[in-house]
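Participant: Below you'll find model_37.txt; it's compact mmCIF, C-alpha atoms.
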# COMPACT_ATOMS: atom_id res chain seq x y z
CA MET A 73 0.00 0.00 0.00
CA ARG A 74 2.82 2.42 0.88
CA GLN A 75 4.50 1.75 -2.49
CA LEU A 76 1.20 2.36 -4.29
CA PHE A 77 0.74 5.70 -2.46
CA THR A 78 4.30 6.74 -3.33
CA LEU A 79 3.82 5.96 -7.00
CA LEU A 80 0.52 7.88 -7.03
CA PHE A 81 2.16 10.96 -5.44
CA VAL A 82 5.02 10.90 -7.96
CA ALA A 83 2.55 10.65 -10.84
CA ILE A 84 0.51 13.61 -9.56
CA PHE A 85 3.64 15.72 -8.96
CA PHE A 86 4.97 14.99 -12.47
CA THR A 87 1.63 15.84 -14.04
CA PHE A 88 1.57 19.31 -12.47
CA SER A 89 5.25 20.07 -13.05
CA CYS A 90 4.92 20.61 -16.81
CA LYS A 91 5.77 23.86 -18.60
CA THR A 92 2.34 25.41 -18.12
CA GLN A 93 3.24 26.01 -14.47
CA LYS A 94 6.90 26.90 -14.99
CA ILE A 95 7.13 27.31 -11.20
CA VAL A 96 7.01 24.58 -8.58
CA LYS A 97 8.86 25.93 -5.59
CA THR A 98 11.17 23.77 -3.48
CA GLN A 99 10.43 22.71 0.07
CA SER A 100 11.04 25.13 2.92
CA GLY A 101 14.68 25.73 3.70
CA GLN A 102 16.05 24.62 0.34
CA ALA A 103 17.74 27.05 -2.03
CA ARG A 104 15.82 28.20 -5.10
CA THR A 105 16.32 30.72 -7.87
CA ASP A 106 14.46 33.94 -7.20
CA THR A 107 14.13 37.41 -8.70
CA ILE A 108 16.93 39.04 -6.74
CA PRO A 109 19.07 41.45 -8.78
CA ASP A 110 22.60 42.22 -7.71
CA THR A 111 22.34 46.00 -7.93
CA SER A 112 25.88 46.49 -6.64
CA GLN A 113 26.94 46.06 -10.26
CA PRO A 114 26.16 48.31 -13.23
CA ILE A 115 22.60 47.86 -14.36
CA ASP A 116 23.67 46.74 -17.85
CA THR A 117 25.63 43.79 -16.43
CA LEU A 118 22.98 42.67 -13.99
CA VAL A 119 23.65 39.42 -12.13
CA ILE A 120 20.87 37.13 -10.96
CA LYS A 121 21.56 35.50 -7.59
CA THR A 122 19.98 32.63 -5.69
CA GLU A 123 18.97 32.89 -2.07
CA PRO A 124 17.52 30.50 0.51
CA GLN A 125 13.79 30.83 0.92
CA ASP A 126 11.47 29.72 3.69
CA THR A 127 8.27 30.35 1.77
CA VAL A 128 6.58 27.49 -0.05
CA GLU A 129 4.36 28.23 -3.06
CA ILE A 130 2.40 25.30 -4.44
CA PHE A 131 1.07 25.84 -7.96
CA ALA A 132 0.00 22.26 -8.64
CA HIS A 133 -3.69 23.10 -8.42
CA ARG A 134 -3.67 26.33 -10.42
CA VAL A 135 -6.04 26.59 -13.32
CA LEU A 136 -4.53 28.80 -16.02
CA LYS A 137 -6.67 31.01 -18.23
CA ASP A 138 -7.13 29.81 -21.79
CA ILE A 139 -6.73 33.33 -23.21
CA VAL A 140 -4.98 36.39 -21.80
CA THR A 141 -5.75 39.89 -23.11
CA LEU A 142 -3.01 42.51 -23.02
CA THR A 143 -3.72 46.15 -23.89
CA ALA A 144 -0.77 48.47 -24.53
CA VAL A 145 -0.19 52.15 -25.28
CA GLY A 146 2.92 54.22 -25.85
CA ASP A 147 4.51 57.15 -24.05
CA MET A 148 2.68 58.73 -21.13
CA MET A 149 3.52 62.08 -19.55
CA LEU A 150 0.26 63.55 -18.29
CA GLY A 151 1.76 66.91 -17.33
CA THR A 152 4.83 68.43 -15.71
CA ASN A 153 5.24 71.12 -13.08
CA TYR A 154 8.76 71.83 -14.36
CA PRO A 155 9.74 74.45 -15.35
CA ASN A 156 6.35 75.74 -14.13
CA ASP A 157 2.71 74.76 -13.58
CA SER A 158 1.60 76.04 -16.98
CA TYR A 159 2.36 72.59 -18.38
CA LEU A 160 -0.25 70.91 -16.18
CA PRO A 161 -3.80 70.16 -17.39
CA ALA A 162 -6.84 71.74 -15.73
CA ASP A 163 -8.61 70.09 -12.80
CA GLU A 164 -5.60 67.93 -11.94
CA GLY A 165 -6.14 65.97 -15.15
CA LYS A 166 -9.38 64.36 -13.97
CA GLN A 167 -10.89 64.54 -17.48
CA GLN A 168 -7.67 64.00 -19.41
CA LEU A 169 -8.32 60.35 -20.26
CA ALA A 170 -12.12 60.51 -20.17
CA GLN A 171 -12.66 60.30 -23.94
CA ILE A 172 -10.38 57.29 -24.33
CA ASP A 173 -11.23 55.51 -21.08
CA SER A 174 -13.64 52.95 -22.58
CA LEU A 175 -11.00 51.83 -25.09
CA LEU A 176 -8.66 50.77 -22.27
CA LYS A 177 -11.02 48.48 -20.38
CA GLY A 178 -11.59 44.76 -20.39
CA GLY A 179 -8.13 43.23 -20.49
CA ASP A 180 -5.92 41.46 -17.97
CA ILE A 181 -2.92 43.76 -18.47
CA LEU A 182 -2.94 47.47 -19.32
CA PHE A 183 0.56 48.75 -20.12
CA GLY A 184 2.10 52.17 -20.72
CA ASN A 185 5.56 53.76 -20.80
CA LEU A 186 5.98 56.37 -18.06
CA GLU A 187 8.08 59.26 -19.34
CA GLY A 188 9.61 61.36 -16.57
CA VAL A 189 9.19 60.95 -12.82
CA ILE A 190 6.40 61.15 -10.26
CA LEU A 191 7.52 63.84 -7.81
CA ASN A 192 5.76 66.86 -6.35
CA GLU A 193 8.84 69.07 -6.01
CA GLY A 194 12.61 69.08 -5.70
CA GLY A 195 14.93 66.42 -7.01
CA GLU A 196 18.28 66.70 -8.77
CA HIS A 197 17.15 68.02 -12.13
CA LYS A 198 19.27 67.70 -15.24
CA ASN A 199 21.21 70.80 -16.19
CA CYS A 200 19.79 72.73 -19.14
CA LYS A 201 21.47 75.56 -20.97
CA ASN A 202 18.08 77.09 -21.75
CA PRO A 203 15.48 76.39 -19.00
CA LYS A 204 12.64 77.46 -21.33
CA ALA A 205 13.62 74.68 -23.76
CA CYS A 206 14.48 72.15 -21.07
CA TYR A 207 12.54 68.98 -21.80
CA ILE A 208 12.60 67.21 -18.47
CA PHE A 209 9.44 65.95 -16.83
CA ARG A 210 8.28 65.98 -13.20
CA SER A 211 4.64 64.95 -12.78
CA PRO A 212 2.86 65.60 -9.46
CA GLU A 213 1.74 62.58 -7.46
CA TYR A 214 -1.91 63.07 -8.38
CA MET A 215 -0.99 62.27 -12.00
CA ALA A 216 -0.13 58.72 -10.92
CA VAL A 217 -3.62 58.50 -9.42
CA ARG A 218 -5.04 59.36 -12.86
CA ILE A 219 -3.02 56.47 -14.32
CA LYS A 220 -4.39 54.09 -11.69
CA GLU A 221 -7.96 55.30 -12.22
CA ALA A 222 -7.65 54.54 -15.94
CA GLY A 223 -6.85 50.93 -15.08
CA PHE A 224 -3.13 50.74 -15.81
CA ASN A 225 -1.50 47.91 -13.88
CA LEU A 226 1.88 47.75 -15.63
CA MET A 227 4.35 50.54 -16.43
CA SER A 228 7.84 50.77 -17.88
CA VAL A 229 10.23 53.19 -16.18
CA ALA A 230 13.11 52.47 -18.57
CA ASN A 231 13.57 55.50 -20.81
CA ASN A 232 15.64 58.65 -21.30
CA HIS A 233 13.45 60.70 -18.93
CA ALA A 234 13.37 58.30 -15.96
CA GLY A 235 16.45 60.03 -14.49
CA ASP A 236 15.34 63.61 -15.11
CA PHE A 237 15.37 64.36 -11.37
CA GLY A 238 18.10 62.05 -10.19
CA MET A 239 17.76 59.33 -7.58
CA THR A 240 15.20 61.42 -5.70
CA GLY A 241 12.92 61.21 -8.72
CA ARG A 242 13.51 57.50 -9.23
CA LYS A 243 12.79 56.68 -5.59
CA SER A 244 9.67 58.82 -5.50
CA THR A 245 8.36 57.22 -8.70
CA SER A 246 8.89 53.74 -7.29
CA LYS A 247 7.30 54.65 -3.97
CA ILE A 248 4.17 56.12 -5.56
CA LEU A 249 3.70 53.27 -8.04
CA ASP A 250 4.13 50.76 -5.21
CA SER A 251 1.59 52.60 -3.06
CA LEU A 252 -0.96 52.46 -5.89
CA GLY A 253 -0.36 48.80 -6.67
CA ILE A 254 0.90 49.53 -10.19
CA ASN A 255 3.49 46.97 -11.29
CA TYR A 256 6.60 48.45 -12.90
CA ALA A 257 10.19 47.71 -13.85
CA GLY A 258 13.15 49.18 -15.67
CA ASN A 259 15.22 51.18 -13.19
CA SER A 260 18.06 50.44 -10.77
CA ILE A 261 15.57 50.08 -7.92
CA GLN A 262 13.50 47.44 -9.72
CA PRO A 263 15.00 46.23 -13.02
CA PHE A 264 12.39 43.49 -13.36
CA THR A 265 9.40 42.10 -11.48
CA THR A 266 6.88 39.28 -11.21
CA PHE A 267 3.21 39.63 -10.28
CA LYS A 268 -0.13 37.85 -10.47
CA VAL A 269 -3.40 38.74 -12.16
CA ASP A 270 -6.37 36.35 -11.90
CA GLY A 271 -4.18 33.41 -11.00
CA MET A 272 -1.73 33.90 -13.85
CA LYS A 273 1.86 34.76 -12.97
CA TYR A 274 3.53 37.39 -15.15
CA GLY A 275 7.11 38.51 -15.49
CA PHE A 276 8.10 41.95 -16.74
CA VAL A 277 11.41 43.58 -17.59
CA ALA A 278 12.07 46.87 -19.41
CA PHE A 279 15.19 47.94 -21.32
CA SER A 280 16.57 51.16 -22.78
CA PRO A 281 19.94 52.58 -23.89
CA ASN A 282 19.98 54.99 -20.95
CA VAL A 283 21.95 55.07 -17.70
CA GLY A 284 20.21 53.52 -14.71
CA THR A 285 18.14 51.04 -16.75
CA PRO A 286 18.75 47.49 -18.02
CA SER A 287 20.62 48.04 -21.28
CA ILE A 288 19.06 47.28 -24.66
CA ASN A 289 22.61 47.09 -26.01
CA ASN A 290 23.89 44.38 -23.65
CA LEU A 291 22.21 41.37 -25.21
CA ASP A 292 23.98 38.77 -23.06
CA SER A 293 22.78 40.40 -19.84
CA ALA A 294 19.29 40.91 -21.30
CA LYS A 295 19.03 37.25 -22.29
CA THR A 296 20.15 36.16 -18.82
CA ILE A 297 17.35 38.16 -17.21
CA VAL A 298 14.74 36.94 -19.70
CA GLN A 299 15.76 33.28 -19.35
CA HIS A 300 15.61 33.59 -15.58
CA LEU A 301 12.16 35.18 -15.58
CA ASP A 302 10.88 32.68 -18.12
CA SER A 303 11.65 29.89 -15.65
CA LEU A 304 9.46 31.54 -13.02
CA VAL A 305 6.31 32.74 -14.77
CA ASP A 306 3.51 31.83 -17.15
CA ILE A 307 3.66 34.93 -19.37
CA LEU A 308 6.78 37.07 -19.84
CA ILE A 309 6.39 40.63 -21.13
CA VAL A 310 9.43 42.59 -22.33
CA SER A 311 9.39 46.33 -22.99
CA PHE A 312 12.07 48.29 -24.82
CA HIS A 313 12.70 52.00 -25.32
CA GLY A 314 14.80 52.11 -28.47
CA GLY A 315 15.27 53.39 -31.99
CA ALA A 316 15.77 56.88 -33.39
CA GLU A 317 13.15 59.58 -32.73
CA GLY A 318 10.77 61.51 -34.94
CA ALA A 319 8.65 61.40 -38.07
CA LYS A 320 11.57 60.34 -40.26
CA PHE A 321 12.08 57.15 -38.27
CA THR A 322 8.88 55.15 -38.66
CA HIS A 323 10.65 52.18 -40.28
CA VAL A 324 12.49 49.37 -38.50
CA PRO A 325 15.93 49.27 -40.20
CA ARG A 326 17.22 45.92 -38.80
CA LYS A 327 20.46 47.57 -37.67
CA ASN A 328 21.66 49.77 -34.84
CA GLU A 329 20.01 53.18 -34.79
CA TYR A 330 21.78 56.34 -33.66
CA PHE A 331 20.20 59.60 -32.55
CA TYR A 332 22.32 62.62 -31.58
CA GLY A 333 25.29 60.27 -31.34
CA GLU A 334 23.61 57.84 -28.93
CA ASP A 335 23.35 54.15 -29.82
CA ARG A 336 19.61 53.48 -29.52
CA GLY A 337 19.99 49.76 -30.21
CA ASN A 338 19.11 47.30 -32.95
CA VAL A 339 15.48 46.79 -31.98
CA TYR A 340 14.88 44.07 -34.58
CA ARG A 341 17.74 41.90 -33.32
CA PHE A 342 16.87 42.67 -29.70
CA ALA A 343 13.22 41.63 -30.08
CA HIS A 344 14.07 38.38 -31.84
CA GLU A 345 16.78 37.40 -29.35
CA MET A 346 14.50 38.11 -26.40
CA ILE A 347 11.85 35.81 -27.87
CA ASP A 348 14.53 33.18 -28.47
CA ALA A 349 15.40 33.53 -24.77
CA GLY A 350 11.81 33.05 -23.60
CA ALA A 351 9.86 36.32 -23.94
CA ASP A 352 6.21 36.08 -24.97
CA VAL A 353 5.29 39.69 -25.86
CA LEU A 354 7.58 42.57 -26.92
CA ILE A 355 6.34 46.17 -26.57
CA GLY A 356 8.42 48.96 -28.08
CA HIS A 357 8.37 52.72 -27.59
CA GLY A 358 10.78 55.62 -27.87
CA PRO A 359 10.62 56.90 -31.49
CA HIS A 360 7.49 59.00 -30.61
CA VAL A 361 5.83 57.64 -33.76
CA PRO A 362 4.11 54.30 -34.39
CA ARG A 363 6.09 51.52 -36.05
CA ALA A 364 5.34 48.11 -37.56
CA ILE A 365 4.09 44.97 -35.87
CA GLU A 366 5.50 41.49 -36.38
CA VAL A 367 4.87 37.94 -35.16
CA TYR A 368 8.03 35.88 -34.65
CA LYS A 369 7.89 32.27 -33.46
CA ASN A 370 4.21 32.80 -32.63
CA ARG A 371 5.11 35.75 -30.34
CA PHE A 372 3.84 39.28 -30.85
CA ILE A 373 6.09 42.32 -31.33
CA VAL A 374 5.08 45.95 -31.71
CA TYR A 375 8.15 48.05 -32.47
CA SER A 376 6.75 51.39 -31.29
CA LEU A 377 3.41 52.61 -29.99
CA GLY A 378 4.33 56.28 -30.33
CA ASN A 379 2.85 58.91 -28.01
CA PHE A 380 -0.33 58.15 -26.10
CA CYS A 381 -0.89 60.94 -23.58
CA THR A 382 1.95 63.45 -23.63
CA TYR A 383 0.74 66.79 -22.40
CA GLY A 384 2.20 70.20 -23.12
CA ARG A 385 5.81 69.53 -24.03
CA PHE A 386 5.73 67.07 -26.94
CA ASN A 387 5.59 67.55 -30.70
CA LEU A 388 2.20 66.13 -31.71
CA LEU A 389 2.18 67.10 -35.40
CA GLY A 390 1.36 64.46 -38.00
CA ASN A 391 2.34 60.93 -37.06
CA ASN A 392 3.69 62.18 -33.73
CA GLY A 393 0.12 62.84 -32.64
CA LEU A 394 -1.18 59.34 -33.39
CA ALA A 395 -1.98 57.38 -30.23
CA PRO A 396 -2.70 53.72 -31.00
CA VAL A 397 -4.18 51.37 -28.43
CA VAL A 398 -3.15 47.79 -29.26
CA GLN A 399 -5.08 44.85 -27.84
CA VAL A 400 -3.48 41.41 -28.06
CA LYS A 401 -4.93 38.00 -27.20
CA ILE A 402 -2.45 35.23 -26.38
CA THR A 403 -2.64 31.71 -25.00
CA SER A 404 -1.58 30.86 -21.45
CA SER A 405 1.74 29.70 -22.94
CA GLY A 406 2.30 33.03 -24.71
CA LYS A 407 1.33 32.22 -28.30
CA PHE A 408 -0.30 35.05 -30.26
CA ILE A 409 -3.92 34.38 -31.25
CA GLU A 410 -5.24 37.67 -32.60
CA GLY A 411 -5.15 41.39 -31.97
CA LYS A 412 -6.64 44.76 -32.77
CA ILE A 413 -5.35 48.27 -33.35
CA VAL A 414 -7.81 50.75 -31.81
CA PRO A 415 -7.24 54.13 -33.50
CA ALA A 416 -6.77 57.26 -31.42
CA LEU A 417 -4.88 60.53 -31.61
CA GLN A 418 -3.99 63.46 -29.39
CA LYS A 419 -5.77 66.78 -29.64
CA GLY A 420 -4.72 70.19 -28.40
CA ALA A 421 -1.90 70.12 -25.89
CA GLY A 422 -2.15 66.34 -25.59
CA ILE A 423 -5.58 64.86 -24.94
CA PRO A 424 -6.09 61.35 -26.40
CA VAL A 425 -9.39 60.85 -28.25
CA PRO A 426 -10.77 58.16 -30.58
CA ASP A 427 -9.98 58.66 -34.26
CA PRO A 428 -12.92 57.72 -36.51
CA ASP A 429 -10.67 58.01 -39.60
CA GLY A 430 -8.37 55.27 -38.35
CA LYS A 431 -5.17 57.01 -39.47
CA VAL A 432 -2.92 54.91 -37.28
CA ILE A 433 -4.40 51.65 -38.60
CA LYS A 434 -3.46 52.64 -42.14
CA LEU A 435 0.05 53.63 -41.03
CA ILE A 436 0.83 50.47 -39.04
CA LYS A 437 -0.63 48.27 -41.79
CA LYS A 438 1.58 49.97 -44.40
CA LEU A 439 4.72 49.85 -42.26
CA SER A 440 4.19 46.20 -41.33
CA GLU A 441 3.80 45.17 -44.96
CA GLU A 442 6.88 47.14 -46.02
CA ASP A 443 9.18 46.24 -43.12
CA PHE A 444 8.17 42.58 -42.66
CA PRO A 445 6.88 41.23 -45.99
CA GLU A 446 7.95 37.74 -44.91
CA SER A 447 5.76 37.81 -41.81
CA GLN A 448 2.43 35.99 -41.92
CA VAL A 449 0.70 38.74 -39.95
CA SER A 450 -1.88 41.01 -41.58
CA VAL A 451 -3.95 44.03 -40.57
CA ASP A 452 -7.36 44.74 -42.10
CA GLU A 453 -9.00 48.14 -42.55
CA SER A 454 -10.77 47.86 -39.19
CA GLY A 455 -7.50 47.28 -37.35
CA ASN A 456 -7.93 43.54 -36.76
CA ILE A 457 -4.61 41.69 -36.61
CA PHE A 458 -4.50 38.15 -38.02
CA TYR A 459 -1.73 35.59 -38.06
CA ILE A 460 -1.32 32.18 -39.71
CA HIS A 461 0.29 30.00 -37.05
CA ASN A 462 3.25 27.85 -38.01
Give the structure from this file in structure tokens form.

Facilitator:
Amino acid sequence: MRQLFTLLFVAIFFTFSCKTQKIVKTQSGQARTDTIPDTSQPIDTLVIKTEPQDTVEIFAHRVLKDIVTLTAVGDMMLGTNYPNDSYLPADEGKQQLAQIDSLLKGGDILFGNLEGVILNEGGEHKNCKNPKACYIFRSPEYMAVRIKEAGFNLMSVANNHAGDFGMTGRKSTSKILDSLGINYAGNSIQPFTTFKVDGMKYGFVAFSPNVGTPSINNLDSAKTIVQHLDSLVDILIVSFHGGAEGAKFTHVPRKNEYFYGEDRGNVYRFAHEMIDAGADVLIGHGPHVPRAIEVYKNRFIVYSLGNFCTYGRFNLLGNNGLAPVVQVKITSSGKFIEGKIVPALQKGAGIPVPDPDGKVIKLIKKLSEEDFPESQVSVDESGNIFYIHN
């Protein structure tokens, strides 16, 4: 009888240790791999350490969702009180996202790229030769509340404005996002993270070419982080801030891009190597204009989502003012099923509104066909994204 019980236990354990869980923690007191970055080293050569753990997490009886819905937008800077309050919207921004709010609802994950810092005052601001033309962003704490109210539960803090107000700004941003329960990653305080939504465990890491963030240009370090996270979670989301900026840079060139002398990375190579390492969804931003979409090894990539809600200090002319909302459905193992581009644009100083003309659908469709003619992904006139699975 004892042998029969032992065999039954082994069979049950093996059944629930397959890849769909990815995480069956060891017994109390034994060492396990965990998400502990060694931040004593430069952020672009991040080392993952192991540490003894006393906590036991049993995932054998989890029931994973069949389909996960991820909604993503581009750059977000809802207003800055630097250099003065004239760059803040009226009524503390309470109506700023009202016209677009319904387009953001209904998914499991709602992602955006947070440009600048969340800080009421102070901080070690970057030096500017001309303060009137100083594009650094310090959003008051109530702006983070607006982000939470809109339903965002995942933010990247890896970009060229995350250090606008030094370590004071970084710490304040992390503190406020933590207090609001908004998951984030991409700075020296939290390069990557794991979290749960409706029983699913997600991993998230964000990269950029900028100091104080995981480097988009250190592929070996990036792959180490992604491989580590992939071993811990069901769905792994990777964000990257890369590529040259502006209306002239809508195409993905498949080589390193430089802007004002800075190496902004080879976003094509980066995205493919991260998927090879275990990433399930790649979300790009940084060029301030939308770019193409691609599906590689059944994993979804959007190379740039442009500007979404960037108030007061951004160029919003032409393609810079387009504000796509991309909805993606994937399986519990990360495979792309289908998606949709919901068209929007920014009006006035930077208020996102629906676009009945669907300008951004036409642009992303055109760019995707030109940049990735070999891809089996297509976009129809309504913004639906289809893919023929291999």

Participant: List as a PDB file with C-alpha atoms, keeping the file's coordinate frame the protein and nucleic acid residues near Glu187 in chain A, meaning an atom at most 7 Å away when all atoms listed in the file are counted, but skip any in the same chain fewer than 3 places from it.

Facilitator:
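So the final result, stored in out.pdb, reads:
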ATOM      1  CA  ASP A 147       4.510  57.150 -24.050  1.00  0.00           C
ATOM      2  CA  MET A 148       2.680  58.730 -21.130  1.00  0.00           C
ATOM      3  CA  MET A 149       3.520  62.080 -19.550  1.00  0.00           C
ATOM      4  CA  ASN A 231      13.570  55.500 -20.810  1.00  0.00           C
ATOM      5  CA  HIS A 233      13.450  60.700 -18.930  1.00  0.00           C
ATOM      6  CA  ALA A 234      13.370  58.300 -15.960  1.00  0.00           C
TER       7      ALA A 234
END

Participant: Compile the contact shell of Lys327 in chain A as JSON, numbers by chain: residues with an atom at most 9 Å away, counting all atoms listed in the file, same-chain residues fewer than 2 positions apart removed.

Facilitator: {"A": [324, 325, 329, 337, 338, 339, 340, 341]}

Participant: Keeping only C-alpha atoms, write those residues as a PDB file, keeping the file's coordinate frame.

Facilitator:
ATOM      1  CA  VAL A 324      12.490  49.370 -38.500  1.00  0.00           C
ATOM      2  CA  PRO A 325      15.930  49.270 -40.200  1.00  0.00           C
ATOM      3  CA  GLU A 329      20.010  53.180 -34.790  1.00  0.00           C
ATOM      4  CA  GLY A 337      19.990  49.760 -30.210  1.00  0.00           C
ATOM      5  CA  ASN A 338      19.110  47.300 -32.950  1.00  0.00           C
ATOM      6  CA  VAL A 339      15.480  46.790 -31.980  1.00  0.00           C
ATOM      7  CA  TYR A 340      14.880  44.070 -34.580  1.00  0.00           C
ATOM      8  CA  ARG A 341      17.740  41.900 -33.320  1.00  0.00           C
TER       9      ARG A 341
END

Participant: What does the distance from CA of Gly378 in chain A to CA of Leu435 in chain A come to in Å, to one decimal?

Facilitator: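 Between CA of Gly378 in chain A and CA of Leu435 in chain A the gap is 11.8 Å.
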
Participant: Contacts of Tyr375 in chain A at 8 Å or less, counting all atoms listed in the file, minus same-chain residues fewer than 4 places along, as an NGL selection string?

Facilitator: :A and (324 or 339 or 354-357 or 362-365)

Participant: Using all atoms listed in the file, which protein or nucleic acid residues come within 12 Å of His360 in chain A? Drop anything in the same chain fewer than 5 positions from it, and give the result as a PyMOL selection string.

Facilitator: chain A and resi 145-148+185+187+313-322+375-382+386-396

Participant: Residues within 10 Å of Gln262 in chain A, please, as a JSON list (two decimals) with C-alpha atoms, keeping the file's coordinate frame. Count only C-alpha atoms; anything in the same chain fewer than 2 positions from it doesn't count.

Facilitator:
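Printed below is out.json as written:
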[["chain", "number", "residue", "atom", "x", "y", "z"],
["A", 108, "ILE", "CA", 16.93, 39.04, -6.74],
["A", 109, "PRO", "CA", 19.07, 41.45, -8.78],
["A", 111, "THR", "CA", 22.34, 46.00, -7.93],
["A", 229, "VAL", "CA", 10.23, 53.19, -16.18],
["A", 246, "SER", "CA", 8.89, 53.74, -7.29],
["A", 256, "TYR", "CA", 6.60, 48.45, -12.90],
["A", 257, "ALA", "CA", 10.19, 47.71, -13.85],
["A", 258, "GLY", "CA", 13.15, 49.18, -15.67],
["A", 259, "ASN", "CA", 15.22, 51.18, -13.19],
["A", 260, "SER", "CA", 18.06, 50.44, -10.77],
["A", 264, "PHE", "CA", 12.39, 43.49, -13.36],
["A", 265, "THR", "CA", 9.40, 42.10, -11.48],
["A", 277, "VAL", "CA", 11.41, 43.58, -17.59],
["A", 278, "ALA", "CA", 12.07, 46.87, -19.41],
["A", 285, "THR", "CA", 18.14, 51.04, -16.75],
["A", 286, "PRO", "CA", 18.75, 47.49, -18.02]]

Participant: Restricting the calculation to all atoms listed in the file: of A:Glu442, A:Asp270, A:Gly284, A:Gln399, which residue gets closest to Gly178 in chain A?

Facilitator: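 The closest residue to Gly178 in chain A is A:Gln399.
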
Participant: Enter the distance from CA of Thr152 in chain A to CA of Ile423 in chain A, in Å, rounded to one decimal.

Facilitator: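 CA of Ile423 in chain A lies at a distance of 14.4 Å from CA of Thr152 in chain A.
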
Participant: What's the separation between CA of Gly430 in chain A and CA of His323 in chain A, in Å to one decimal place?

Facilitator: 19.4 Å

Participant: Given the choices A:Gly253, A:Pro359, A:Gly406, A:Gly333, which gets closest to Asp306 in chain A if the distance is worked out from all atoms listed in the file?

Facilitator: A:Gly406

Participant: Between A:Ile460, A:Ile254, A:Val449, A:Ile402, single out the one closest to Leu142 in chain A, counting all atoms listed in the file.

Facilitator: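 Using all atoms listed in the file, Leu142 in chain A sits closest to A:Ile402.
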
Participant: Of the residues A:Val189, A:Leu176, A:Met239, A:Met346, which is the one nearest to Lys220 in chain A, using only C-alpha atoms?

Facilitator: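 That would be A:Leu176, the residue with the smallest distance to Lys220 in chain A.
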
Participant: Nearest to Met272 in chain A among A:Leu136, A:Leu301, A:Ile288, A:Ile413, with distances taken over all atoms listed in the file: which residue is it?

Facilitator: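 Among the listed residues, the smallest separation from Met272 in chain A belongs to A:Leu136.
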